Amino acid sequence: MTDRYDLPAGFRWGASTAAYQIEGAVDEDGRGPSVWDTFCERPGAIRDGDTGRAACDHYHRWPEDIALMRELGLDTYRFSLAWPRVQPTGRGPANPAGLDFYDRLVDGLLDAGITPLPTLFHWDLPQALEDAGGWLHRDTAHRFADYTALAADRLGDRVPACITLNEPFVHLVYGHALGIHAPGHALVLDALPAAHHQLLAHGLAAAELRTRGLDVLIANNLTPVRPASSDPVDVAAADAYDALHNRLFTDPLLLGRYPDLTAYGLGPEPDLGGAVRDGDLTLIAAPGLDGLGVNYYNPTRIAAPTDPGLPFAEAPVEGVPRTHFGWPVVPEGLHELLLTLRDRYGAALPPITITENGCSTDATLDDTFRIDYLATHLDALARATADGIDVRGYCTWSLLDNFEWAEGYSQRFGLVHVDFTTQRRTPKASFAWYRDLIAAHRAGRVG
């Protein structure tokens with residue numbers, strides 16, 4: 001591992017969060033219910049019966065959190081807007097109090113010298129839209145465009161860019177195919193219309209952002225896919241999984257087409273359950289992305305299928321450390337992934353920002369495991385930039401320990417420890433390490 005992190009001049013350092021995971025205040029100031037509020041009430045859905053009702057109470061404690069960001073020396077703060085806080089039912093006029101909160105947050109960030117990078121959708125669909133069909137219904141894409149216009153009209157004079165969607169693949173699979181996340185559907189391949197409607201929403205929202213002079217990004221969860229062996233059946237299974245996880249939400253944006261899903265019985269030009277209409281793919285791909293957000297956590301190892309319903313089976317990644325979540329730690333996978341993106345998309349690949357990368361540990365403040373995780377991944381990132389990959393910035397996940405979806409409060413990803421009883425914030429060892437790294441890079445002592 002190098003300690004130089006030879007990253008380009010102007011490289012931007014950041015941290016990421018998501019609204020439902022940190023804000024709390026779920027029934028204050030006119031916010032409507034989201035699918036996550038509803039899902040948390042389902043018995044057994046969330047570990048230990050936890051909910052996001054209070055989370056990190058960021059809605060009231062945001063000045064304290066910005067002070068922490070200032071101490072870190074962040075260039076960028078990636079956060080998300082809660083759609084039901086801005087538009088309680090997902091339709092109609094904006095909720096002024098909801099937009100007022102994000103006004104205050106954006107102004108506070110700018111006063112601290114930090115560029116706001118809002119994500120418009122991080123999985124918290126207004127429950128009223130879910131009741132009307134949610135992402136399985138085409139109309140939701142149009143409602144997302146309306147919401148985007150409301151947010152951009154209010155914040156676009158101070159926000160240079162927006163991320164439209166966070167990890168649409170994860171939301172598709174965990175929320176609609178397997179039922180592990182909200183809204184809790186277990187539709188397997190019948191969930192695929194939700195993939196197309198999310199991408200359609202991105203295309204419609206991108207047009208709204210462009211008319212207001214804002215740059216457009218999307219944040220995709222991507223993984224290098226490795227066959228379990230050189231056996232042709234394992235290789236074919238890995239190719240099938242790669243098409244679903246990596247290419248389903250990237251090929252339409254950069255190539256204007258869906259990948260070949262013949263392995264799923266859908267053919268080389270899939271219509272995703274009849275969801276694709278004439279002109280949709282042109283709208284999704286145009287006018288191009290200003291940046292691709294890459295969320296990287298680990299590679300995926302794939303073997304021949306054991307379930308007749310799917311053309312692949314996941315196999316364990318062996319012989320590597322694991323996070324508190326049980327995820328394999330493979331920093332080289334980030335380098336491998338970025339090279340694959342360059343080779344696959346060539347000139348169509350826009351500049352990249354690492355919009356999430358981090359790990360869960362136990363509740364200790366001396367989180368040397370996280371420091372090593374971040375250091376080795378930044379080393380892999382630096383090698384990718386040396387190989388000519390245009391990476392503009394890095395946002396670690398996450399600023400704060402938070403509500404980790406179906407795992408509740410059991411997984412701690414933060415640079416800052418949060419006592420969820422008192423809401424006291426305590427910076428961890430990784431906080432000081434990241435602060436010092438940013439300061440050294442900015443001073444020219446590294447890179």
# chains A, B, ... in the order shown; residues from 1 in each chain; ligands from 1
$ residues_around --residues "Asn246 (chain A)" --least-positions-apart "5" --cutoff "9 Å" --atoms "only C-alpha atoms" --output "PyMOL selection string"
chain A and resi 169+220-225+241+251
$ closest_atom_pairs --of "region 249-301 of chain A" --to "region 391-402 of chain A" --cutoff "12 Å" --atoms "only C-alpha atoms" --output "Markdown table"
| residue | atom | partner | partner_atom | distance |
| --- | --- | --- | --- | --- |
| A:Asp290 | CA | A:Arg392 | CA | 11.4 |
| A:Gly291 | CA | A:Arg392 | CA | 9.0 |
| A:Leu292 | CA | A:Val391 | CA | 9.5 |
| A:Gly293 | CA | A:Tyr394 | CA | 9.5 |
| A:Val294 | CA | A:Tyr394 | CA | 9.4 |
| A:Asn295 | CA | A:Trp397 | CA | 9.1 |
| A:Tyr296 | CA | A:Trp397 | CA | 10.0 |
| A:Tyr297 | CA | A:Trp397 | CA | 9.8 |
$ closest_residue --among "A:His58, A:Arg212, A:His171, A:Arg277" --to "His245 (chain A)" --atoms "only C-alpha atoms"
A:His171
$ residues_around --residues "Gly414 (chain A)" --least-positions-apart "5" --cutoff "12 Å" --atoms "only C-alpha atoms" --output "compact mmCIF listing (two decimals) with N, CA, C and O atoms, in the first residue's frame"
# COMPACT_ATOMS: atom_id res chain seq x y z
N ALA A 15 -18.09 13.17 1.60
CA ALA A 15 -18.75 12.12 2.37
C ALA A 15 -20.22 12.11 1.96
O ALA A 15 -20.75 13.12 1.49
N SER A 16 -20.85 10.96 2.15
CA SER A 16 -22.22 10.77 1.69
C SER A 16 -23.14 10.36 2.84
O SER A 16 -22.71 9.73 3.81
N THR A 17 -24.42 10.72 2.67
CA THR A 17 -25.49 10.26 3.56
C THR A 17 -26.75 10.10 2.72
O THR A 17 -26.77 10.40 1.53
N GLN A 21 -31.96 7.71 6.23
CA GLN A 21 -31.01 7.10 7.15
C GLN A 21 -30.53 8.04 8.24
O GLN A 21 -30.01 7.58 9.27
N ILE A 22 -30.69 9.36 8.05
CA ILE A 22 -30.17 10.28 9.06
C ILE A 22 -31.16 11.33 9.55
O ILE A 22 -31.03 11.81 10.67
N CYS A 56 -30.64 9.84 12.98
CA CYS A 56 -29.60 10.67 13.61
C CYS A 56 -30.11 12.06 13.99
O CYS A 56 -29.31 12.92 14.36
N GLU A 356 -19.91 6.42 -3.25
CA GLU A 356 -19.95 5.67 -2.00
C GLU A 356 -18.81 4.66 -1.99
O GLU A 356 -18.56 3.98 -2.99
N ASN A 357 -18.16 4.56 -0.84
CA ASN A 357 -17.18 3.51 -0.57
C ASN A 357 -16.89 3.55 0.91
O ASN A 357 -16.58 4.61 1.46
N GLY A 358 -17.06 2.45 1.58
CA GLY A 358 -16.83 2.41 3.01
C GLY A 358 -17.16 1.05 3.57
O GLY A 358 -17.45 0.11 2.83
N CYS A 359 -17.12 0.93 4.89
CA CYS A 359 -17.35 -0.36 5.51
C CYS A 359 -18.00 -0.19 6.87
O CYS A 359 -17.85 0.84 7.53
N SER A 360 -18.71 -1.21 7.28
CA SER A 360 -19.25 -1.25 8.64
C SER A 360 -18.23 -1.91 9.57
O SER A 360 -17.51 -2.83 9.18
N THR A 361 -18.18 -1.40 10.79
CA THR A 361 -17.36 -2.00 11.85
C THR A 361 -18.21 -2.07 13.11
O THR A 361 -19.40 -1.71 13.09
N ASP A 362 -17.62 -2.51 14.19
CA ASP A 362 -18.35 -2.50 15.45
C ASP A 362 -18.40 -1.06 15.98
O ASP A 362 -18.02 -0.12 15.30
N ALA A 363 -18.85 -0.90 17.21
CA ALA A 363 -19.10 0.45 17.74
C ALA A 363 -17.86 1.13 18.29
O ALA A 363 -17.95 2.24 18.83
N THR A 364 -16.69 0.53 18.13
CA THR A 364 -15.48 1.12 18.70
C THR A 364 -15.13 2.46 18.04
O THR A 364 -15.41 2.68 16.85
N LEU A 365 -14.49 3.32 18.81
CA LEU A 365 -14.03 4.60 18.27
C LEU A 365 -12.66 4.45 17.62
O LEU A 365 -12.29 5.26 16.77
N ASP A 367 -11.30 2.80 15.17
CA ASP A 367 -11.71 1.98 14.03
C ASP A 367 -10.58 1.85 13.01
O ASP A 367 -10.68 2.30 11.87
N ARG A 370 -11.43 0.40 9.61
CA ARG A 370 -11.96 1.32 8.60
C ARG A 370 -10.84 2.13 7.97
O ARG A 370 -10.84 2.39 6.75
N ILE A 371 -9.88 2.57 8.76
CA ILE A 371 -8.75 3.33 8.21
C ILE A 371 -8.02 2.50 7.16
O ILE A 371 -7.71 2.99 6.06
N THR A 396 -16.75 9.11 0.83
CA THR A 396 -16.83 7.91 1.63
C THR A 396 -18.24 7.75 2.20
O THR A 396 -18.95 8.73 2.43
N TRP A 397 -18.64 6.50 2.39
CA TRP A 397 -19.88 6.18 3.08
C TRP A 397 -19.49 5.66 4.46
O TRP A 397 -18.87 4.62 4.55
N SER A 398 -19.81 6.40 5.50
CA SER A 398 -20.70 7.55 5.51
C SER A 398 -20.17 8.55 6.53
O SER A 398 -19.30 8.22 7.33
N LEU A 399 -20.71 9.75 6.49
CA LEU A 399 -20.32 10.73 7.50
C LEU A 399 -20.67 10.23 8.90
O LEU A 399 -19.85 10.30 9.82
N LEU A 400 -21.89 9.73 9.06
CA LEU A 400 -22.42 9.36 10.38
C LEU A 400 -22.83 7.89 10.42
O LEU A 400 -23.33 7.35 9.43
N ASP A 401 -22.68 7.26 11.57
CA ASP A 401 -23.43 6.04 11.80
C ASP A 401 -24.91 6.35 11.61
O ASP A 401 -25.38 7.43 11.98
N ASN A 402 -25.67 5.41 11.03
CA ASN A 402 -27.05 5.76 10.67
C ASN A 402 -27.96 4.54 10.67
O ASN A 402 -27.55 3.44 11.06
N PHE A 403 -29.18 4.74 10.22
CA PHE A 403 -30.15 3.67 10.07
C PHE A 403 -29.79 2.91 8.80
O PHE A 403 -29.94 3.43 7.69
N GLU A 404 -29.33 1.68 8.96
CA GLU A 404 -28.82 0.91 7.83
C GLU A 404 -29.91 -0.01 7.27
O GLU A 404 -29.80 -1.23 7.27
N TYR A 409 -29.99 -0.37 13.25
CA TYR A 409 -28.83 0.36 13.78
C TYR A 409 -27.66 -0.57 14.12
O TYR A 409 -26.75 -0.19 14.84
N ASP A 419 -24.49 8.04 19.19
CA ASP A 419 -25.23 7.37 20.26
C ASP A 419 -26.70 7.60 19.97
O ASP A 419 -27.19 8.73 20.08
N ARG A 425 -22.68 12.96 19.01
CA ARG A 425 -21.73 12.65 17.94
C ARG A 425 -20.31 12.62 18.51
O ARG A 425 -19.91 13.56 19.21
N THR A 426 -19.55 11.57 18.18
CA THR A 426 -18.16 11.47 18.62
C THR A 426 -17.31 11.03 17.43
O THR A 426 -17.47 9.91 16.93
N PRO A 427 -16.43 11.88 16.94
CA PRO A 427 -15.56 11.46 15.83
C PRO A 427 -14.71 10.26 16.20
O PRO A 427 -14.18 10.15 17.31
N LYS A 428 -14.57 9.35 15.24
CA LYS A 428 -13.75 8.16 15.42
C LYS A 428 -12.32 8.42 14.94
O LYS A 428 -12.03 9.49 14.38
N ALA A 429 -11.46 7.44 15.14
CA ALA A 429 -10.08 7.58 14.65
C ALA A 429 -10.06 7.80 13.14
O ALA A 429 -9.21 8.54 12.62
N SER A 430 -10.97 7.17 12.42
CA SER A 430 -11.01 7.34 10.96
C SER A 430 -11.35 8.77 10.56
O SER A 430 -10.93 9.23 9.50
N PHE A 431 -12.11 9.45 11.39
CA PHE A 431 -12.43 10.86 11.13
C PHE A 431 -11.14 11.68 11.10
O PHE A 431 -10.89 12.46 10.17
N TYR A 434 -9.00 10.77 8.02
CA TYR A 434 -9.53 11.33 6.77
C TYR A 434 -9.30 12.84 6.73
O TYR A 434 -8.91 13.39 5.70
$ residues_around --residues "Gly108 (chain A)" --least-positions-apart "3" --cutoff "8 Å" --atoms "only C-alpha atoms" --output "PyMOL selection string"
chain A and resi 63+66+104-105+111-112
$ write_last_selection --atoms "N, CA, C and O atoms" --output "mmCIF file, in the first residue's frame"
data_model
loop_
_atom_site.group_PDB
_atom_site.id
_atom_site.type_symbol
_atom_site.label_atom_id
_atom_site.label_comp_id
_atom_site.auth_asym_id
_atom_site.auth_seq_id
_atom_site.Cartn_x
_atom_site.Cartn_y
_atom_site.Cartn_z
ATOM 1 N N PRO A 63 -26.808 21.831 11.803
ATOM 2 C CA PRO A 63 -25.650 22.733 11.980
ATOM 3 C C PRO A 63 -24.457 22.030 12.634
ATOM 4 O O PRO A 63 -23.306 22.271 12.261
ATOM 5 N N ILE A 66 -22.816 19.932 9.937
ATOM 6 C CA ILE A 66 -22.009 20.744 9.022
ATOM 7 C C ILE A 66 -20.705 21.156 9.687
ATOM 8 O O ILE A 66 -19.648 21.196 9.038
ATOM 9 N N ARG A 104 -31.972 25.790 4.056
ATOM 10 C CA ARG A 104 -31.075 26.057 5.186
ATOM 11 C C ARG A 104 -29.840 25.178 5.105
ATOM 12 O O ARG A 104 -28.710 25.642 5.360
ATOM 13 N N LEU A 105 -30.041 23.905 4.754
ATOM 14 C CA LEU A 105 -28.909 22.985 4.662
ATOM 15 C C LEU A 105 -27.932 23.426 3.578
ATOM 16 O O LEU A 105 -26.709 23.479 3.800
ATOM 17 N N ASP A 111 -21.855 28.231 3.243
ATOM 18 C CA ASP A 111 -21.166 29.084 4.212
ATOM 19 C C ASP A 111 -19.924 28.401 4.770
ATOM 20 O O ASP A 111 -18.956 29.070 5.165
ATOM 21 N N ALA A 112 -19.957 27.065 4.817
ATOM 22 C CA ALA A 112 -18.809 26.298 5.309
ATOM 23 C C ALA A 112 -17.804 25.987 4.207
ATOM 24 O O ALA A 112 -16.808 25.286 4.456
#
$ atom_distance --atom1 "CA of Ala228 (chain A)" --atom2 "CA of Thr300 (chain A)"
9.5 Å
$ select_by_dssp --residues "region 80-179 of chain A" --states "alpha helix (DSSP H)" --output "VMD selection string"
chain A and resid 83 to 86 96 to 111 127 to 131 139 to 155 168 to 172
$ write_last_selection --atoms "N, CA and C atoms" --output "compact mmCIF listing (two decimals), in the first residue's frame"
# COMPACT_ATOMS: atom_id res chain seq x y z
N TRP A 83 -38.09 12.88 -0.86
CA TRP A 83 -39.20 13.23 -1.75
C TRP A 83 -40.47 13.54 -0.96
N PRO A 84 -40.87 12.71 0.04
CA PRO A 84 -42.10 13.03 0.76
C PRO A 84 -42.00 14.24 1.67
N ARG A 85 -40.80 14.74 1.92
CA ARG A 85 -40.68 16.00 2.66
C ARG A 85 -40.92 17.17 1.72
N VAL A 86 -40.49 17.02 0.48
CA VAL A 86 -40.68 18.09 -0.52
C VAL A 86 -42.08 18.05 -1.11
N PRO A 96 -43.74 23.89 1.38
CA PRO A 96 -42.74 24.96 1.61
C PRO A 96 -41.80 24.65 2.77
N ALA A 97 -42.32 24.07 3.84
CA ALA A 97 -41.46 23.79 4.99
C ALA A 97 -40.38 22.76 4.65
N GLY A 98 -40.72 21.80 3.80
CA GLY A 98 -39.73 20.82 3.40
C GLY A 98 -38.61 21.45 2.60
N LEU A 99 -38.96 22.28 1.63
CA LEU A 99 -37.93 22.94 0.85
C LEU A 99 -37.15 23.95 1.70
N ASP A 100 -37.81 24.55 2.68
CA ASP A 100 -37.09 25.46 3.58
C ASP A 100 -35.95 24.75 4.29
N PHE A 101 -36.20 23.50 4.70
CA PHE A 101 -35.13 22.74 5.38
C PHE A 101 -33.93 22.59 4.46
N TYR A 102 -34.16 22.20 3.21
CA TYR A 102 -33.03 22.01 2.30
C TYR A 102 -32.40 23.33 1.91
N ASP A 103 -33.17 24.41 1.89
CA ASP A 103 -32.60 25.74 1.72
C ASP A 103 -31.57 26.02 2.82
N ARG A 104 -31.97 25.79 4.06
CA ARG A 104 -31.07 26.06 5.19
C ARG A 104 -29.84 25.18 5.10
N LEU A 105 -30.04 23.90 4.75
CA LEU A 105 -28.91 22.98 4.66
C LEU A 105 -27.93 23.43 3.58
N VAL A 106 -28.44 23.76 2.40
CA VAL A 106 -27.58 24.18 1.30
C VAL A 106 -26.83 25.46 1.65
N ASP A 107 -27.53 26.41 2.21
CA ASP A 107 -26.86 27.67 2.59
C ASP A 107 -25.80 27.42 3.65
N GLY A 108 -26.10 26.55 4.60
CA GLY A 108 -25.12 26.22 5.63
C GLY A 108 -23.88 25.56 5.05
N LEU A 109 -24.07 24.67 4.09
CA LEU A 109 -22.94 24.04 3.44
C LEU A 109 -22.09 25.06 2.69
N LEU A 110 -22.73 25.93 1.95
CA LEU A 110 -21.99 26.93 1.20
C LEU A 110 -21.24 27.88 2.12
N ASP A 111 -21.86 28.23 3.24
CA ASP A 111 -21.17 29.08 4.21
C ASP A 111 -19.92 28.40 4.77
N GLN A 127 -45.41 7.19 -0.01
CA GLN A 127 -46.28 6.03 0.08
C GLN A 127 -47.50 6.16 -0.83
N ALA A 128 -47.98 7.37 -1.02
CA ALA A 128 -49.15 7.57 -1.88
C ALA A 128 -48.86 7.13 -3.31
N LEU A 129 -47.62 7.34 -3.79
CA LEU A 129 -47.28 6.88 -5.13
C LEU A 129 -47.14 5.37 -5.16
N GLU A 130 -46.62 4.78 -4.11
CA GLU A 130 -46.56 3.33 -4.05
C GLU A 130 -47.97 2.73 -4.08
N ASP A 131 -48.89 3.37 -3.39
CA ASP A 131 -50.26 2.88 -3.38
C ASP A 131 -50.88 2.92 -4.77
N ASP A 139 -46.38 6.00 -14.62
CA ASP A 139 -46.69 7.36 -14.21
C ASP A 139 -45.72 7.87 -13.14
N THR A 140 -45.14 6.97 -12.34
CA THR A 140 -44.21 7.40 -11.29
C THR A 140 -43.01 8.13 -11.87
N ALA A 141 -42.57 7.73 -13.06
CA ALA A 141 -41.46 8.42 -13.70
C ALA A 141 -41.81 9.88 -13.98
N HIS A 142 -43.03 10.12 -14.40
CA HIS A 142 -43.46 11.49 -14.69
C HIS A 142 -43.63 12.30 -13.40
N ARG A 143 -44.08 11.63 -12.35
CA ARG A 143 -44.19 12.32 -11.07
C ARG A 143 -42.79 12.70 -10.56
N PHE A 144 -41.81 11.85 -10.81
CA PHE A 144 -40.45 12.16 -10.40
C PHE A 144 -39.92 13.40 -11.13
N ALA A 145 -40.26 13.52 -12.39
CA ALA A 145 -39.84 14.70 -13.15
C ALA A 145 -40.46 15.97 -12.57
N ASP A 146 -41.72 15.88 -12.17
CA ASP A 146 -42.37 17.05 -11.56
C ASP A 146 -41.68 17.44 -10.25
N TYR A 147 -41.39 16.44 -9.44
CA TYR A 147 -40.70 16.68 -8.17
C TYR A 147 -39.32 17.28 -8.41
N THR A 148 -38.61 16.75 -9.41
CA THR A 148 -37.29 17.28 -9.75
C THR A 148 -37.38 18.76 -10.10
N ALA A 149 -38.38 19.14 -10.86
CA ALA A 149 -38.54 20.55 -11.24
C ALA A 149 -38.75 21.42 -10.01
N LEU A 150 -39.56 20.96 -9.07
CA LEU A 150 -39.80 21.73 -7.84
C LEU A 150 -38.51 21.92 -7.06
N ALA A 151 -37.74 20.85 -6.91
CA ALA A 151 -36.49 20.94 -6.15
C ALA A 151 -35.47 21.82 -6.87
N ALA A 152 -35.36 21.66 -8.19
CA ALA A 152 -34.37 22.44 -8.94
C ALA A 152 -34.73 23.91 -8.98
N ASP A 153 -36.02 24.22 -9.05
CA ASP A 153 -36.42 25.62 -9.04
C ASP A 153 -36.03 26.30 -7.73
N ARG A 154 -36.08 25.56 -6.64
CA ARG A 154 -35.78 26.15 -5.34
C ARG A 154 -34.28 26.18 -5.05
N LEU A 155 -33.55 25.15 -5.44
CA LEU A 155 -32.15 25.02 -5.02
C LEU A 155 -31.15 25.24 -6.14
N PRO A 168 -30.21 2.30 -8.47
CA PRO A 168 -31.47 1.72 -8.94
C PRO A 168 -31.45 0.20 -9.00
N PHE A 169 -30.26 -0.39 -9.21
CA PHE A 169 -30.19 -1.86 -9.20
C PHE A 169 -30.56 -2.42 -7.83
N VAL A 170 -30.01 -1.85 -6.77
CA VAL A 170 -30.29 -2.34 -5.42
C VAL A 170 -31.77 -2.14 -5.09
N HIS A 171 -32.31 -0.99 -5.46
CA HIS A 171 -33.72 -0.73 -5.20
C HIS A 171 -34.61 -1.71 -5.97
N LEU A 172 -34.21 -2.04 -7.19
CA LEU A 172 -34.94 -3.03 -7.98
C LEU A 172 -34.91 -4.40 -7.30
$ decode --residues "region 172-193 of chain A" --atoms "N, CA, C and O atoms" --output "PDB file, in the first residue's frame"
ATOM      1  N   LEU A 172     -34.209  -2.036  -7.190  1.00  0.00           N
ATOM      2  CA  LEU A 172     -34.940  -3.030  -7.977  1.00  0.00           C
ATOM      3  C   LEU A 172     -34.906  -4.397  -7.299  1.00  0.00           C
ATOM      4  O   LEU A 172     -35.957  -5.010  -7.067  1.00  0.00           O
ATOM      5  N   VAL A 173     -33.701  -4.868  -6.974  1.00  0.00           N
ATOM      6  CA  VAL A 173     -33.547  -6.245  -6.504  1.00  0.00           C
ATOM      7  C   VAL A 173     -34.024  -6.398  -5.062  1.00  0.00           C
ATOM      8  O   VAL A 173     -34.837  -7.271  -4.754  1.00  0.00           O
ATOM      9  N   TYR A 174     -33.541  -5.554  -4.174  1.00  0.00           N
ATOM     10  CA  TYR A 174     -33.903  -5.710  -2.765  1.00  0.00           C
ATOM     11  C   TYR A 174     -35.337  -5.259  -2.483  1.00  0.00           C
ATOM     12  O   TYR A 174     -36.009  -5.837  -1.625  1.00  0.00           O
ATOM     13  N   GLY A 175     -35.783  -4.227  -3.204  1.00  0.00           N
ATOM     14  CA  GLY A 175     -37.101  -3.684  -2.919  1.00  0.00           C
ATOM     15  C   GLY A 175     -38.231  -4.312  -3.699  1.00  0.00           C
ATOM     16  O   GLY A 175     -39.377  -4.353  -3.214  1.00  0.00           O
ATOM     17  N   HIS A 176     -37.936  -4.824  -4.906  1.00  0.00           N
ATOM     18  CA  HIS A 176     -39.002  -5.283  -5.789  1.00  0.00           C
ATOM     19  C   HIS A 176     -38.888  -6.748  -6.198  1.00  0.00           C
ATOM     20  O   HIS A 176     -39.902  -7.384  -6.482  1.00  0.00           O
ATOM     21  N   ALA A 177     -37.668  -7.281  -6.245  1.00  0.00           N
ATOM     22  CA  ALA A 177     -37.500  -8.677  -6.663  1.00  0.00           C
ATOM     23  C   ALA A 177     -37.447  -9.642  -5.488  1.00  0.00           C
ATOM     24  O   ALA A 177     -37.991 -10.749  -5.563  1.00  0.00           O
ATOM     25  N   LEU A 178     -36.795  -9.225  -4.381  1.00  0.00           N
ATOM     26  CA  LEU A 178     -36.588 -10.132  -3.255  1.00  0.00           C
ATOM     27  C   LEU A 178     -37.379  -9.760  -2.009  1.00  0.00           C
ATOM     28  O   LEU A 178     -37.522 -10.584  -1.103  1.00  0.00           O
ATOM     29  N   GLY A 179     -37.828  -8.519  -1.903  1.00  0.00           N
ATOM     30  CA  GLY A 179     -38.642  -8.109  -0.765  1.00  0.00           C
ATOM     31  C   GLY A 179     -37.880  -7.843   0.511  1.00  0.00           C
ATOM     32  O   GLY A 179     -38.476  -7.750   1.589  1.00  0.00           O
ATOM     33  N   ILE A 180     -36.561  -7.659   0.420  1.00  0.00           N
ATOM     34  CA  ILE A 180     -35.738  -7.424   1.609  1.00  0.00           C
ATOM     35  C   ILE A 180     -35.838  -5.972   2.070  1.00  0.00           C
ATOM     36  O   ILE A 180     -35.718  -5.679   3.264  1.00  0.00           O
ATOM     37  N   HIS A 181     -36.026  -5.062   1.135  1.00  0.00           N
ATOM     38  CA  HIS A 181     -36.157  -3.632   1.406  1.00  0.00           C
ATOM     39  C   HIS A 181     -37.563  -3.171   1.031  1.00  0.00           C
ATOM     40  O   HIS A 181     -38.306  -3.873   0.341  1.00  0.00           O
ATOM     41  N   ALA A 182     -37.881  -1.952   1.456  1.00  0.00           N
ATOM     42  CA  ALA A 182     -39.131  -1.332   1.018  1.00  0.00           C
ATOM     43  C   ALA A 182     -39.111  -1.153  -0.505  1.00  0.00           C
ATOM     44  O   ALA A 182     -38.064  -0.897  -1.079  1.00  0.00           O
ATOM     45  N   PRO A 183     -40.264  -1.330  -1.159  1.00  0.00           N
ATOM     46  CA  PRO A 183     -41.598  -1.544  -0.597  1.00  0.00           C
ATOM     47  C   PRO A 183     -41.937  -2.984  -0.248  1.00  0.00           C
ATOM     48  O   PRO A 183     -43.060  -3.282   0.141  1.00  0.00           O
ATOM     49  N   GLY A 184     -40.981  -3.896  -0.406  1.00  0.00           N
ATOM     50  CA  GLY A 184     -41.172  -5.250   0.070  1.00  0.00           C
ATOM     51  C   GLY A 184     -41.818  -6.211  -0.902  1.00  0.00           C
ATOM     52  O   GLY A 184     -42.374  -7.230  -0.499  1.00  0.00           O
ATOM     53  N   HIS A 185     -41.690  -5.934  -2.210  1.00  0.00           N
ATOM     54  CA  HIS A 185     -42.220  -6.860  -3.211  1.00  0.00           C
ATOM     55  C   HIS A 185     -41.224  -7.992  -3.464  1.00  0.00           C
ATOM     56  O   HIS A 185     -40.012  -7.765  -3.469  1.00  0.00           O
ATOM     57  N   ALA A 186     -41.727  -9.185  -3.701  1.00  0.00           N
ATOM     58  CA  ALA A 186     -40.884 -10.346  -4.023  1.00  0.00           C
ATOM     59  C   ALA A 186     -41.321 -10.897  -5.367  1.00  0.00           C
ATOM     60  O   ALA A 186     -41.900 -11.973  -5.471  1.00  0.00           O
ATOM     61  N   LEU A 187     -41.034 -10.142  -6.423  1.00  0.00           N
ATOM     62  CA  LEU A 187     -41.558 -10.434  -7.758  1.00  0.00           C
ATOM     63  C   LEU A 187     -40.549 -11.113  -8.671  1.00  0.00           C
ATOM     64  O   LEU A 187     -40.890 -11.465  -9.801  1.00  0.00           O
ATOM     65  N   VAL A 188     -39.323 -11.264  -8.212  1.00  0.00           N
ATOM     66  CA  VAL A 188     -38.228 -11.847  -9.000  1.00  0.00           C
ATOM     67  C   VAL A 188     -38.163 -11.123 -10.366  1.00  0.00           C
ATOM     68  O   VAL A 188     -38.123  -9.901 -10.389  1.00  0.00           O
ATOM     69  N   LEU A 189     -38.208 -11.832 -11.481  1.00  0.00           N
ATOM     70  CA  LEU A 189     -38.049 -11.171 -12.779  1.00  0.00           C
ATOM     71  C   LEU A 189     -39.253 -10.322 -13.165  1.00  0.00           C
ATOM     72  O   LEU A 189     -39.141  -9.435 -14.030  1.00  0.00           O
ATOM     73  N   ASP A 190     -40.396 -10.546 -12.536  1.00  0.00           N
ATOM     74  CA  ASP A 190     -41.553  -9.694 -12.813  1.00  0.00           C
ATOM     75  C   ASP A 190     -41.359  -8.277 -12.284  1.00  0.00           C
ATOM     76  O   ASP A 190     -42.182  -7.396 -12.554  1.00  0.00           O
ATOM     77  N   ALA A 191     -40.267  -8.054 -11.547  1.00  0.00           N
ATOM     78  CA  ALA A 191     -39.954  -6.705 -11.066  1.00  0.00           C
ATOM     79  C   ALA A 191     -39.305  -5.840 -12.131  1.00  0.00           C
ATOM     80  O   ALA A 191     -39.151  -4.627 -11.927  1.00  0.00           O
ATOM     81  N   LEU A 192     -38.926  -6.382 -13.271  1.00  0.00           N
ATOM     82  CA  LEU A 192     -38.124  -5.638 -14.246  1.00  0.00           C
ATOM     83  C   LEU A 192     -38.764  -4.350 -14.763  1.00  0.00           C
ATOM     84  O   LEU A 192     -38.030  -3.411 -15.103  1.00  0.00           O
ATOM     85  N   PRO A 193     -40.091  -4.216 -14.842  1.00  0.00           N
ATOM     86  CA  PRO A 193     -40.616  -2.891 -15.204  1.00  0.00           C
ATOM     87  C   PRO A 193     -40.131  -1.776 -14.277  1.00  0.00           C
ATOM     88  O   PRO A 193     -39.972  -0.630 -14.719  1.00  0.00           O
TER      89      PRO A 193
END
